[in-house]
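Scroll down for the structure; my scribbles are underneath it.
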Amino acid sequence: MTERIVSFVMSGGVGSRLWPLSREDNPKQFHDFSGDGSMLVKTLRRLTARPDGETPIFLIASERHADRVHADLAGIDLSGGGPLFEPTGRNTAAAVALATLRTLSEFGDSLVLVVPSDHEITTAQQFWQSVENGTGAARAGRLVVFGIKPGHPETGYGYIEVAGERDGICDVSRFVEKPDLATAQNYLTAGNFYWNTGIFLFRASAMRDAFTAFEPEIWKATEIAYQAATSDLSGLYMPLELYAAIPSTSIDYAIMERASDIAMVPAGFRWNDLGSWQSLLDVGPSDNDGNVIVGDVVAIDCENSYIRSDSRLLSAIGLKDVAIVSTADATFVAPVSRSQNVKKIVEQLEKSGRLETRFTPAGDRVIESGAWRRRVHHWLFEETVPLWSTVGVDERHGGFHEALGFDATPLKKPKRMRTMARQVYAFAVAKARGWDGPADRLISHGLEFMARNGRTDNGGWVRTLNVNGTVADAAEDAYDHSCVLLALAHAHMVGNPDALRLAEETFSFLDAHLEDHRMTGFLETSSGAGDRRSNPHMHLLEAFLAW
């Protein structure tokens, strides 16, 4: 009798090596690269195609992708399985522990097959024949992996070194990380290295024992989260606070590189992890010049290139061995041989808080609350404040430069009082928000310049100063005084010793010279000239509230 194999599809990854197409909200497993269904759908169909034996199929996916998962599951018979939703990603060790716990609780000590959701495999028949070849070793308590005999020195895959083969089963000597080209060539020459497919077969009790021996904390935390899970017809849901407590690490680091007596089955199927634009060039339908062209593209005299546009027209001439991928909000260009390094671009974008790695552009999308916070924080504290606190400071004449050119060169423009005040305000707020730069010195520098050069005989503030600090326009403008008062309020909040005194003097000036004594607001200037605009009143209210 053919043994039951409980199958689990890991579908929680982002697929950042296929950015800008693959993103957090729409990772590569949900994309259709060949016209016959998404990667996830093709994986599920492959699992349902087992010729004989009971095969319940489960899917471990991110809860944020629940709607996409349910759409892909429509019409697919999971033979008693279903989706298990992670409230947050905790890497593949947690996913495998969850698969093991689900199997033990529902099917006892059955065989468990864990597969990625986004790999290209030739035929379901070849796939299942390879899996069946490993069931004997798995039934005997060994952890089983599947390796592909390399056909070229690939630097984008991890490798498995084997010591010997008996009855179609190899003994694993070690797992090795993605090598450089020279090392990959040595592996190819040696003949006993295989590409690691990331597919695992094991008896549930064997994986439980491995976790207990090597990573008991992961096992215990996953067990607690699983036992507290809730379920309905749509799937199983783990509590966020419990699942987030699981240590995040890969199954390779947690178990496979530490366990002994691991078996490897040489896979009888062709395989590609579709982990780079190079891989899509390798498997995609190509034209007579070896190009894979997708979307609205005009390519002339191009060779062996992957050129894709998911939005507007993309044109290229004379390119060779290049990947170009264009979406509505981002374009990626690289030599095909280096296209897998797109992950470095993604890491840099994420570091600066850019949203292009997270969200796919859509006209009707409402970006989640707080999504821009990291980007704004990085722009403010890593880009803008460092620039204006250095080249934006006029160390010769005092105060701050009115403007900078696009090359960050100071422009010789008159210094408006509102600009000086706004810079003081900006550095005060930056200090309050945790900036560790010289905020106190910059605040004092600005206020000293303003007070030394910009005070009027009435106790107010002039409208404009020349670059050297001489008065260019002595008008006492309500708008400028609102900016000064707001700056002084925040300077006082962060401990400037002069701000309170200067503010009291400014309030006295307002009462004496700008307040309309008919109690109908404030004059535009102390002379009473000019229309009385709402803008100065709005900013005066803002300043009053700050005090």
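In the structure tokens, chains take letters A, B, ... by order of appearance, with residues numbered from 1 within each chain and ligands from 1 in the order shown.
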If you count only C-alpha atoms, which residues fall within 12 Å of segment 73-78 of chain A, apart from same-chain ones fewer than 2 positions away, as a PDB file with C-alpha atoms, in the first residue's frame?
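Dumped everything to around04.pdb:
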```pdb
ATOM      1  CA  VAL A   6       1.324  15.043   3.865  1.00  0.00           C
ATOM      2  CA  SER A   7       2.518  17.865   1.599  1.00  0.00           C
ATOM      3  CA  PHE A   8       3.194  21.469   2.556  1.00  0.00           C
ATOM      4  CA  VAL A   9       3.887  24.372   0.210  1.00  0.00           C
ATOM      5  CA  PHE A  30       1.583  34.824  -7.455  1.00  0.00           C
ATOM      6  CA  GLY A  37      -1.039  29.818 -14.081  1.00  0.00           C
ATOM      7  CA  SER A  38       0.851  31.364 -11.203  1.00  0.00           C
ATOM      8  CA  LEU A  40       1.798  28.728  -6.709  1.00  0.00           C
ATOM      9  CA  VAL A  41      -1.000  27.210  -8.797  1.00  0.00           C
ATOM     10  CA  LYS A  42       1.490  25.134 -10.785  1.00  0.00           C
ATOM     11  CA  THR A  43       3.065  23.865  -7.558  1.00  0.00           C
ATOM     12  CA  LEU A  44      -0.320  22.877  -6.139  1.00  0.00           C
ATOM     13  CA  ARG A  45      -1.279  21.105  -9.364  1.00  0.00           C
ATOM     14  CA  ARG A  46       1.983  19.182  -9.256  1.00  0.00           C
ATOM     15  CA  LEU A  47       1.231  17.961  -5.760  1.00  0.00           C
ATOM     16  CA  THR A  48      -2.314  16.905  -6.660  1.00  0.00           C
ATOM     17  CA  ALA A  49      -0.929  14.823  -9.542  1.00  0.00           C
ATOM     18  CA  ARG A  50       0.523  12.084  -7.336  1.00  0.00           C
ATOM     19  CA  GLU A  54      -3.262   9.756   0.108  1.00  0.00           C
ATOM     20  CA  THR A  55      -1.757  13.257  -0.276  1.00  0.00           C
ATOM     21  CA  PRO A  56      -3.315  16.009   1.853  1.00  0.00           C
ATOM     22  CA  ILE A  57      -1.949  19.360   0.675  1.00  0.00           C
ATOM     23  CA  PHE A  58      -1.403  22.349   2.942  1.00  0.00           C
ATOM     24  CA  LEU A  59      -0.180  25.822   2.138  1.00  0.00           C
ATOM     25  CA  ALA A  66      -4.964  35.496   2.162  1.00  0.00           C
ATOM     26  CA  ASP A  67      -7.158  36.852  -0.639  1.00  0.00           C
ATOM     27  CA  ARG A  68      -4.577  35.953  -3.294  1.00  0.00           C
ATOM     28  CA  VAL A  69      -4.160  32.496  -1.802  1.00  0.00           C
ATOM     29  CA  HIS A  70      -7.890  31.820  -1.788  1.00  0.00           C
ATOM     30  CA  ALA A  71      -8.135  32.955  -5.418  1.00  0.00           C
ATOM     31  CA  GLY A  80      -8.311  17.424   3.143  1.00  0.00           C
ATOM     32  CA  GLY A  81      -5.580  20.024   3.420  1.00  0.00           C
ATOM     33  CA  GLY A  82      -5.865  23.808   3.459  1.00  0.00           C
ATOM     34  CA  PRO A  83      -4.037  27.073   4.116  1.00  0.00           C
ATOM     35  CA  SER A 234     -10.832  29.931   5.150  1.00  0.00           C
ATOM     36  CA  GLY A 235      -7.848  28.475   6.981  1.00  0.00           C
TER      37      GLY A 235
END
```
Would you list the contacts of segment 259-263 of chain A as JSON, numbers by chain, taking every protein, DNA or RNA residue within 12 Å and counting only C-alpha atoms, but skipping same-chain residues closer than 4 positions in sequence? {"A": [133, 134, 135, 136, 137, 138, 139, 140, 141, 142, 143, 144, 145, 146, 147, 160, 161, 162, 163, 164, 165, 166, 167, 168, 169, 170, 171, 172, 173, 174, 175, 200, 201, 202, 206, 207, 209, 210, 211, 212, 213, 214, 215, 251, 252, 253, 254, 255]}
Keeping only C-alpha atoms, write the selected residues to a file as a compact mmCIF listing (two decimals), in the first residue's frame.
```txt
# COMPACT_ATOMS: atom_id res chain seq x y z
CA ASN A 133 12.52 7.17 -4.42
CA GLY A 134 13.17 8.90 -1.09
CA THR A 135 10.30 7.45 0.92
CA GLY A 136 12.27 4.40 2.07
CA ALA A 137 15.00 6.53 3.64
CA ALA A 138 12.43 8.89 5.16
CA ARG A 139 10.43 5.98 6.54
CA ALA A 140 13.61 4.75 8.22
CA GLY A 141 13.90 8.07 10.09
CA ARG A 142 16.37 9.92 7.86
CA LEU A 143 15.86 13.53 6.75
CA VAL A 144 15.81 13.48 2.95
CA VAL A 145 16.74 16.27 0.53
CA PHE A 146 16.73 16.36 -3.26
CA GLY A 147 19.67 17.44 -5.41
CA ILE A 160 25.01 19.62 -1.41
CA GLU A 161 28.19 17.54 -1.19
CA VAL A 162 27.61 13.78 -1.09
CA ALA A 163 29.94 10.98 -0.09
CA GLY A 164 28.51 7.95 -1.82
CA GLU A 165 25.43 6.38 -3.35
CA ARG A 166 23.59 3.14 -2.65
CA ASP A 167 20.27 2.08 -4.14
CA GLY A 168 19.70 5.56 -5.52
CA ILE A 169 20.29 7.26 -2.15
CA CYS A 170 23.36 9.42 -1.39
CA ASP A 171 24.81 10.23 2.01
CA VAL A 172 25.12 13.99 2.57
CA SER A 173 28.56 15.15 3.67
CA ARG A 174 27.72 18.85 4.00
CA PHE A 175 25.66 21.75 2.74
CA PHE A 200 12.49 18.11 2.12
CA LEU A 201 10.97 14.71 2.91
CA PHE A 202 10.88 13.28 6.44
CA ALA A 206 12.21 12.58 12.92
CA MET A 207 11.87 16.33 12.32
CA ASP A 209 13.31 15.04 17.33
CA ALA A 210 15.72 17.16 15.29
CA PHE A 211 14.11 20.37 16.52
CA THR A 212 14.13 19.09 20.08
CA ALA A 213 17.85 18.34 19.78
CA PHE A 214 19.03 21.44 17.91
CA GLU A 215 16.41 24.20 18.22
CA ILE A 251 15.64 25.41 8.23
CA ASP A 252 19.12 24.98 6.74
CA TYR A 253 20.84 26.78 9.60
CA ALA A 254 18.51 25.46 12.29
CA ILE A 255 18.49 21.77 11.39
```
Report as CSV the residues of segment 382-444 of chain A within 10 Å of segment 464-479 of chain A, each with its shortest atom pair and distance in Å (one decimal), using only C-alpha atoms, ordered by chain and increasing residue number.
```
residue,atom,partner,partner_atom,distance
A:Asp394,CA,A:Val467,CA,9.0
A:Arg396,CA,A:Asn468,CA,8.4
A:His397,CA,A:Asn468,CA,5.2
A:Gly398,CA,A:Gly469,CA,7.4
A:Gly399,CA,A:Gly469,CA,8.4
A:Phe400,CA,A:Val467,CA,9.2
A:His401,CA,A:Val467,CA,8.0
A:Glu402,CA,A:Val467,CA,8.6
A:Leu411,CA,A:Val467,CA,9.7
A:Lys412,CA,A:Val467,CA,6.7
A:Lys413,CA,A:Val467,CA,6.6
A:Pro414,CA,A:Asn466,CA,4.6
A:Lys415,CA,A:Leu465,CA,5.0
A:Arg416,CA,A:Thr464,CA,4.3
A:Met417,CA,A:Thr464,CA,5.6
A:Arg418,CA,A:Tyr479,CA,7.7
A:Thr419,CA,A:Thr464,CA,9.4
A:Met420,CA,A:Thr464,CA,9.8
```
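The shell of residues at most 12 Å from Glu356 of chain A, with only C-alpha atoms counted and near chain neighbours (fewer than 6 positions) removed, consists of Ser16, Trp19, Pro20, Leu21, Ser22, Arg23, Glu24, Asp25, Asn26, Thr327, Ala328, Asp329, Ala330, Thr331, Phe332, Ile345, Val346, Glu347, Gln348, Leu349, Glu350, Ala362, Ile367, Ala371, Trp372 and Arg375 of chain A.
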Contacts of Leu236 of chain A within 12 Å, only C-alpha atoms, excl. fewer than 4 positions in-chain, as a CSV table (one decimal) with N, CA and C atoms, in the first residue's frame:
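Output contents, as saved in part_27.csv:
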```csv
chain,number,residue,atom,x,y,z
A,58,PHE,N,-1.3,21.1,2.1
A,58,PHE,CA,-1.4,22.3,2.9
A,58,PHE,C,-0.5,23.5,2.3
A,59,LEU,N,-0.9,24.7,2.6
A,59,LEU,CA,-0.2,25.8,2.1
A,59,LEU,C,0.2,26.7,3.3
A,60,ILE,N,1.4,27.0,3.5
A,60,ILE,CA,1.9,28.0,4.6
A,60,ILE,C,2.2,29.3,3.9
A,61,ALA,N,1.3,30.3,4.2
A,61,ALA,CA,1.4,31.6,3.5
A,61,ALA,C,1.3,32.7,4.5
A,62,SER,N,1.6,33.9,4.0
A,62,SER,CA,1.4,35.1,4.8
A,62,SER,C,-0.1,35.5,4.9
A,63,GLU,N,-0.5,35.9,6.1
A,63,GLU,CA,-1.9,36.3,6.2
A,63,GLU,C,-2.3,37.4,5.4
A,66,ALA,N,-3.9,36.5,2.1
A,66,ALA,CA,-5.0,35.5,2.2
A,66,ALA,C,-5.9,35.6,1.0
A,81,GLY,N,-6.5,19.0,2.9
A,81,GLY,CA,-5.6,20.0,3.4
A,81,GLY,C,-6.2,21.4,3.4
A,82,GLY,N,-5.4,22.4,3.5
A,82,GLY,CA,-5.9,23.8,3.5
A,82,GLY,C,-4.8,24.8,3.8
A,83,PRO,N,-5.1,26.1,3.8
A,83,PRO,CA,-4.0,27.1,4.1
A,83,PRO,C,-3.8,27.3,5.6
A,84,LEU,N,-2.5,27.5,6.0
A,84,LEU,CA,-2.1,27.9,7.3
A,84,LEU,C,-1.5,29.2,7.2
A,85,PHE,N,-2.1,30.2,7.8
A,85,PHE,CA,-1.6,31.6,7.6
A,85,PHE,C,-0.7,32.1,8.7
A,86,GLU,N,0.5,32.6,8.3
A,86,GLU,CA,1.4,33.2,9.3
A,86,GLU,C,1.1,34.7,9.4
A,87,PRO,N,0.9,35.2,10.6
A,87,PRO,CA,0.6,36.6,10.8
A,87,PRO,C,1.8,37.5,10.5
A,98,LEU,N,6.0,24.2,11.9
A,98,LEU,CA,4.5,24.3,11.8
A,98,LEU,C,4.0,23.1,11.0
A,102,ARG,N,1.4,20.2,12.5
A,102,ARG,CA,0.1,20.0,11.9
A,102,ARG,C,0.0,18.5,11.5
A,225,ALA,N,2.2,28.7,19.6
A,225,ALA,CA,1.4,29.5,18.6
A,225,ALA,C,0.4,28.6,17.9
A,226,TYR,N,0.8,27.4,17.6
A,226,TYR,CA,-0.1,26.5,16.9
A,226,TYR,C,-1.3,26.0,17.8
A,227,GLN,N,-1.0,25.8,19.0
A,227,GLN,CA,-2.0,25.4,19.9
A,227,GLN,C,-3.0,26.5,20.2
A,228,ALA,N,-2.6,27.7,20.0
A,228,ALA,CA,-3.5,28.9,20.3
A,228,ALA,C,-4.2,29.4,19.0
A,229,ALA,N,-3.9,28.7,17.9
A,229,ALA,CA,-4.5,29.1,16.6
A,229,ALA,C,-6.0,28.9,16.6
A,230,THR,N,-6.6,29.7,15.7
A,230,THR,CA,-8.0,29.6,15.5
A,230,THR,C,-8.2,29.2,14.0
A,231,SER,N,-9.3,28.5,13.7
A,231,SER,CA,-9.5,28.1,12.3
A,231,SER,C,-11.0,28.3,11.9
A,232,ASP,N,-11.2,28.5,10.6
A,232,ASP,CA,-12.5,28.5,10.1
A,232,ASP,C,-12.4,27.9,8.7
```
Select from segment 4-33 of chain A everything DSSP, run on the backbone, classes as helix (DSSP H, G or I), then give the selection as a count of residues only. 6
Atom CA of Tyr157 of chain A to atom CA of Ser110 of chain A, distance in Å rounded to a single decimal: 29.8 Å
Among the residues A:Ala99, A:Leu540, A:Val342, A:Ala299, the one that comes closest to Val115 of chain A [using only C-alpha atoms]: A:Ala99
Report the distance between atom CA of Trp388 of chain A and atom CA of His537 of chain A in Å, rounded to one decimal place.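 We find that atom CA of Trp388 of chain A and atom CA of His537 of chain A lie 28.3 Å from each other.
The shortest atom-to-atom distance to Asn341 of chain A, with only C-alpha atoms taken into account, belongs to A:Trp277 out of A:Trp277, A:Asp321, A:Pro285, A:Thr100.
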Closest to Met238 of chain A among A:Met39, A:Ala546, A:Leu380, A:Ala95, using only C-alpha atoms?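 Distance minimum relative to Met238 of chain A lands on A:Ala95.
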Can you tell me which residues surround segment 457-459 of chain A at a distance of at most 8 Å, considering only C-alpha atoms, apart from same-chain residues fewer than 2 positions away, and format the answer as an NGL selection string? :A and (455 or 461 or 505-506 or 509)
Return as a PyMOL selection string the full set of residues in segment 229-260 of chain A whose backbone-based DSSP assignment is strand (DSSP E or B). chain A and resi 230-232+235-237
Could you work out how far atom CA of Val114 of chain A lies from atom CA of Ala245 of chain A, giving the answer in Å with one decimal?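 Here the two named atoms are 22.8 Å from each other.
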Test item: residues at most 12 Å from Ala316 of chain A, only C-alpha atoms, excluding those fewer than 6 positions along its chain, as a PDB file with N, CA and C atoms, in the first residue's frame:
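Result file is around00.pdb:
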```pdb
ATOM      1  N   ASN A 291      16.347  36.439 -27.242  1.00  0.00           N
ATOM      2  CA  ASN A 291      15.731  37.389 -26.311  1.00  0.00           C
ATOM      3  C   ASN A 291      14.389  36.860 -25.806  1.00  0.00           C
ATOM      4  N   ILE A 293      11.075  38.541 -24.660  1.00  0.00           N
ATOM      5  CA  ILE A 293      10.423  39.845 -24.721  1.00  0.00           C
ATOM      6  C   ILE A 293       9.026  39.708 -24.123  1.00  0.00           C
ATOM      7  N   ASP A 296       4.929  45.550 -23.748  1.00  0.00           N
ATOM      8  CA  ASP A 296       5.001  46.532 -24.825  1.00  0.00           C
ATOM      9  C   ASP A 296       6.455  46.931 -25.036  1.00  0.00           C
ATOM     10  N   VAL A 297       7.159  46.143 -25.846  1.00  0.00           N
ATOM     11  CA  VAL A 297       8.608  46.310 -26.032  1.00  0.00           C
ATOM     12  C   VAL A 297       8.937  46.333 -27.516  1.00  0.00           C
ATOM     13  N   VAL A 298       9.792  47.254 -27.924  1.00  0.00           N
ATOM     14  CA  VAL A 298      10.385  47.264 -29.259  1.00  0.00           C
ATOM     15  C   VAL A 298      11.889  47.098 -29.071  1.00  0.00           C
ATOM     16  N   ALA A 299      12.421  45.963 -29.540  1.00  0.00           N
ATOM     17  CA  ALA A 299      13.852  45.668 -29.379  1.00  0.00           C
ATOM     18  C   ALA A 299      14.468  45.444 -30.756  1.00  0.00           C
ATOM     19  N   ILE A 300      15.518  46.198 -31.048  1.00  0.00           N
ATOM     20  CA  ILE A 300      16.193  46.118 -32.338  1.00  0.00           C
ATOM     21  C   ILE A 300      17.656  45.757 -32.115  1.00  0.00           C
ATOM     22  N   ASP A 301      18.133  44.740 -32.836  1.00  0.00           N
ATOM     23  CA  ASP A 301      19.535  44.301 -32.764  1.00  0.00           C
ATOM     24  C   ASP A 301      19.956  43.960 -31.333  1.00  0.00           C
ATOM     25  N   CYS A 302      19.070  43.336 -30.591  1.00  0.00           N
ATOM     26  CA  CYS A 302      19.389  42.888 -29.230  1.00  0.00           C
ATOM     27  C   CYS A 302      19.587  41.376 -29.230  1.00  0.00           C
ATOM     28  N   GLU A 303      20.434  40.896 -28.317  1.00  0.00           N
ATOM     29  CA  GLU A 303      20.727  39.470 -28.249  1.00  0.00           C
ATOM     30  C   GLU A 303      20.740  38.997 -26.803  1.00  0.00           C
ATOM     31  N   SER A 305      18.854  38.752 -24.289  1.00  0.00           N
ATOM     32  CA  SER A 305      18.443  39.708 -23.252  1.00  0.00           C
ATOM     33  C   SER A 305      17.020  39.420 -22.794  1.00  0.00           C
ATOM     34  N   TYR A 306      16.764  39.741 -21.526  1.00  0.00           N
ATOM     35  CA  TYR A 306      15.412  39.663 -20.964  1.00  0.00           C
ATOM     36  C   TYR A 306      14.893  41.089 -20.870  1.00  0.00           C
ATOM     37  N   ILE A 307      13.872  41.408 -21.673  1.00  0.00           N
ATOM     38  CA  ILE A 307      13.357  42.775 -21.740  1.00  0.00           C
ATOM     39  C   ILE A 307      11.858  42.713 -21.476  1.00  0.00           C
ATOM     40  N   ARG A 308      11.429  43.382 -20.430  1.00  0.00           N
ATOM     41  CA  ARG A 308      10.032  43.279 -19.997  1.00  0.00           C
ATOM     42  C   ARG A 308       9.506  44.655 -19.602  1.00  0.00           C
ATOM     43  N   SER A 309       8.307  44.966 -20.059  1.00  0.00           N
ATOM     44  CA  SER A 309       7.628  46.180 -19.628  1.00  0.00           C
ATOM     45  C   SER A 309       6.222  45.825 -19.197  1.00  0.00           C
ATOM     46  N   VAL A 322      21.617  41.527 -21.430  1.00  0.00           N
ATOM     47  CA  VAL A 322      21.152  42.550 -20.489  1.00  0.00           C
ATOM     48  C   VAL A 322      19.729  42.207 -20.042  1.00  0.00           C
ATOM     49  N   ALA A 323      19.429  42.527 -18.788  1.00  0.00           N
ATOM     50  CA  ALA A 323      18.061  42.418 -18.273  1.00  0.00           C
ATOM     51  C   ALA A 323      17.512  43.821 -18.049  1.00  0.00           C
ATOM     52  N   ILE A 324      16.343  44.089 -18.616  1.00  0.00           N
ATOM     53  CA  ILE A 324      15.637  45.345 -18.383  1.00  0.00           C
ATOM     54  C   ILE A 324      14.211  44.991 -17.972  1.00  0.00           C
ATOM     55  N   VAL A 325      13.818  45.441 -16.801  1.00  0.00           N
ATOM     56  CA  VAL A 325      12.469  45.178 -16.307  1.00  0.00           C
ATOM     57  C   VAL A 325      11.875  46.507 -15.862  1.00  0.00           C
ATOM     58  N   VAL A 333      17.895  47.742 -14.575  1.00  0.00           N
ATOM     59  CA  VAL A 333      18.760  47.438 -15.715  1.00  0.00           C
ATOM     60  C   VAL A 333      20.060  46.858 -15.178  1.00  0.00           C
TER      61      VAL A 333
END
```
Restricting the calculation to only C-alpha atoms: of A:Val494, A:Glu217, A:Lys149, A:Arg354, which residue gets closest to Ala190 of chain A? A:Lys149
Identify, on the basis of only C-alpha atoms, every residue whose closest approach to Trp547 of chain A does not exceed 9 Å; exclude the query and any residue fewer than 5 positions from it along the same chain; express the result as a ChimeraX atom specification. /A:485-486,488-490
Residues from last step as file, N, CA and C atoms, as a PDB file, in the first residue's frame:
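In the end it all went to result.pdb:
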```
ATOM      1  N   LEU A 485       7.934  83.456  16.004  1.00  0.00           N
ATOM      2  CA  LEU A 485       7.340  82.965  17.250  1.00  0.00           C
ATOM      3  C   LEU A 485       7.303  81.437  17.311  1.00  0.00           C
ATOM      4  N   LEU A 486       6.999  80.779  16.192  1.00  0.00           N
ATOM      5  CA  LEU A 486       6.984  79.310  16.176  1.00  0.00           C
ATOM      6  C   LEU A 486       8.387  78.761  16.410  1.00  0.00           C
ATOM      7  N   LEU A 488      10.853  80.241  17.999  1.00  0.00           N
ATOM      8  CA  LEU A 488      11.243  80.504  19.386  1.00  0.00           C
ATOM      9  C   LEU A 488      10.558  79.531  20.346  1.00  0.00           C
ATOM     10  N   ALA A 489       9.324  79.154  20.059  1.00  0.00           N
ATOM     11  CA  ALA A 489       8.617  78.202  20.913  1.00  0.00           C
ATOM     12  C   ALA A 489       9.351  76.871  20.953  1.00  0.00           C
ATOM     13  N   HIS A 490       9.736  76.375  19.785  1.00  0.00           N
ATOM     14  CA  HIS A 490      10.397  75.075  19.739  1.00  0.00           C
ATOM     15  C   HIS A 490      11.840  75.154  20.223  1.00  0.00           C
TER      16      HIS A 490
END
```
